[in-house]
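Notes follow once the structure below has been shown.
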Amino acid sequence: MPPPGKKKQGKVCRDCHRVVDGENCAVCGTTNLSDDWAGYLVIIDPEHSEVAKKMNIRLQGRYALKVR
Ligand SMILES: [Zn+2]
């Protein structure tokens, strides 16, 4: 059980908004990451998702809506 009030949510790529597990983005290869982001988005079928099209997401996975 994680401690209450403290959410570990990882980092997000500033370029493609993908939630990243390691130190660089699997899509862009960039290390331009942010841990200040909001909104959680799971893309399962990018080719048929309007949201994915708007955000130029071509790969399924987890993304953030807003990255600061
Ligand atoms: Zn990226």
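Identifiers in the structure tokens: chain A, B, ... in order shown; residue index from 1 per chain; ligand index from 1 in order shown.
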Produce as a compact mmCIF listing (two decimals) with N, CA and C atoms, in the first residue's frame the set of residues near ligand 1, where near means within 9 Å with only C-alpha atoms and all ligand atoms considered.
# COMPACT_ATOMS: atom_id res chain seq x y z
N VAL A 12 6.60 12.42 -17.53
CA VAL A 12 5.93 12.49 -18.82
C VAL A 12 6.84 13.20 -19.83
N CYS A 13 6.83 12.70 -21.04
CA CYS A 13 7.60 13.32 -22.12
C CYS A 13 6.97 14.65 -22.51
N ARG A 14 7.78 15.71 -22.55
CA ARG A 14 7.24 17.03 -22.90
C ARG A 14 6.92 17.11 -24.39
N ASP A 15 7.49 16.25 -25.19
CA ASP A 15 7.28 16.31 -26.63
C ASP A 15 6.00 15.59 -27.06
N CYS A 16 5.79 14.38 -26.56
CA CYS A 16 4.64 13.61 -27.03
C CYS A 16 3.65 13.28 -25.90
N HIS A 17 3.94 13.72 -24.67
CA HIS A 17 3.06 13.55 -23.52
C HIS A 17 2.96 12.10 -23.05
N ARG A 18 3.80 11.25 -23.49
CA ARG A 18 3.75 9.87 -23.08
C ARG A 18 4.30 9.70 -21.66
N VAL A 19 3.61 8.86 -20.87
CA VAL A 19 4.10 8.56 -19.52
C VAL A 19 5.29 7.62 -19.64
N VAL A 20 6.40 8.02 -19.07
CA VAL A 20 7.67 7.35 -19.26
C VAL A 20 8.07 6.63 -17.98
N ASN A 24 14.28 8.16 -20.38
CA ASN A 24 13.99 8.82 -21.64
C ASN A 24 12.75 8.21 -22.30
N CYS A 25 12.17 8.98 -23.21
CA CYS A 25 10.92 8.59 -23.83
C CYS A 25 11.13 7.47 -24.84
N ALA A 26 10.27 6.45 -24.79
CA ALA A 26 10.39 5.31 -25.68
C ALA A 26 10.03 5.68 -27.11
N VAL A 27 9.24 6.74 -27.27
CA VAL A 27 8.79 7.16 -28.60
C VAL A 27 9.80 8.11 -29.24
N CYS A 28 10.13 9.19 -28.52
CA CYS A 28 11.00 10.23 -29.07
C CYS A 28 12.47 9.98 -28.79
N GLY A 29 12.74 9.25 -27.72
CA GLY A 29 14.12 9.06 -27.31
C GLY A 29 14.67 10.25 -26.54
N THR A 30 13.80 11.24 -26.30
CA THR A 30 14.26 12.45 -25.63
C THR A 30 14.31 12.26 -24.12
N THR A 31 15.14 13.06 -23.47
CA THR A 31 15.17 13.06 -22.01
C THR A 31 14.47 14.31 -21.48
N ASN A 32 13.71 14.96 -22.34
CA ASN A 32 12.97 16.16 -21.98
C ASN A 32 11.68 15.76 -21.26
N LEU A 33 11.81 15.43 -19.97
CA LEU A 33 10.69 14.90 -19.21
C LEU A 33 10.22 15.89 -18.16
- Query: Between CA of Lys11 in chain A and CA of Glu47 in chain A, what is the distance, to one decimal in Å?
  - Reply: 24.6 Å
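If you look at CA of Arg68 in chain A and CA of Asp36 in chain A, they are 5.7 Å away from each other.
Reported to one decimal place, the separation of CA of Tyr40 in chain A from CA of Arg62 in chain A is 7.3 Å.
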Using DSSP secondary structure from the backbone, list all helix (DSSP H, G or I) positions within chain A, as an mmCIF file with N, CA and C atoms, in the first residue's frame.
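Everything below was put into result_31.cif:
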data_model
loop_
_atom_site.group_PDB
_atom_site.id
_atom_site.type_symbol
_atom_site.label_atom_id
_atom_site.label_comp_id
_atom_site.auth_asym_id
_atom_site.auth_seq_id
_atom_site.Cartn_x
_atom_site.Cartn_y
_atom_site.Cartn_z
ATOM 1 N N PRO A 46 -4.959 3.937 -31.165
ATOM 2 C CA PRO A 46 -4.673 5.300 -31.619
ATOM 3 C C PRO A 46 -5.256 5.620 -32.993
ATOM 4 N N GLU A 47 -5.361 4.618 -33.853
ATOM 5 C CA GLU A 47 -5.851 4.880 -35.206
ATOM 6 C C GLU A 47 -7.332 5.216 -35.234
ATOM 7 N N HIS A 48 -8.056 4.797 -34.210
ATOM 8 C CA HIS A 48 -9.482 5.069 -34.180
ATOM 9 C C HIS A 48 -9.883 5.949 -33.001
ATOM 10 N N GLU A 50 -10.159 9.768 -31.524
ATOM 11 C CA GLU A 50 -10.140 11.198 -31.865
ATOM 12 C C GLU A 50 -9.132 11.943 -31.012
ATOM 13 N N VAL A 51 -9.060 11.542 -29.743
ATOM 14 C CA VAL A 51 -8.119 12.199 -28.828
ATOM 15 C C VAL A 51 -6.681 11.961 -29.288
ATOM 16 N N ALA A 52 -6.414 10.746 -29.678
ATOM 17 C CA ALA A 52 -5.070 10.413 -30.139
ATOM 18 C C ALA A 52 -4.711 11.218 -31.377
ATOM 19 N N LYS A 53 -5.681 11.386 -32.273
ATOM 20 C CA LYS A 53 -5.425 12.156 -33.486
ATOM 21 C C LYS A 53 -5.118 13.609 -33.147
ATOM 22 N N LYS A 54 -5.901 14.170 -32.223
ATOM 23 C CA LYS A 54 -5.688 15.561 -31.833
ATOM 24 C C LYS A 54 -4.306 15.766 -31.239
#
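Remark: for Asp35 in chain A, the closest of the candidate residues A:Ser49, A:Gln9, A:Leu59, A:Asp21 is A:Gln9 (distances computed over only C-alpha atoms).
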- Item | strand (DSSP E) positions in chain A, given as a ChimeraX atom specification | /A:11-13,19-20,33-34,37-43,61-67
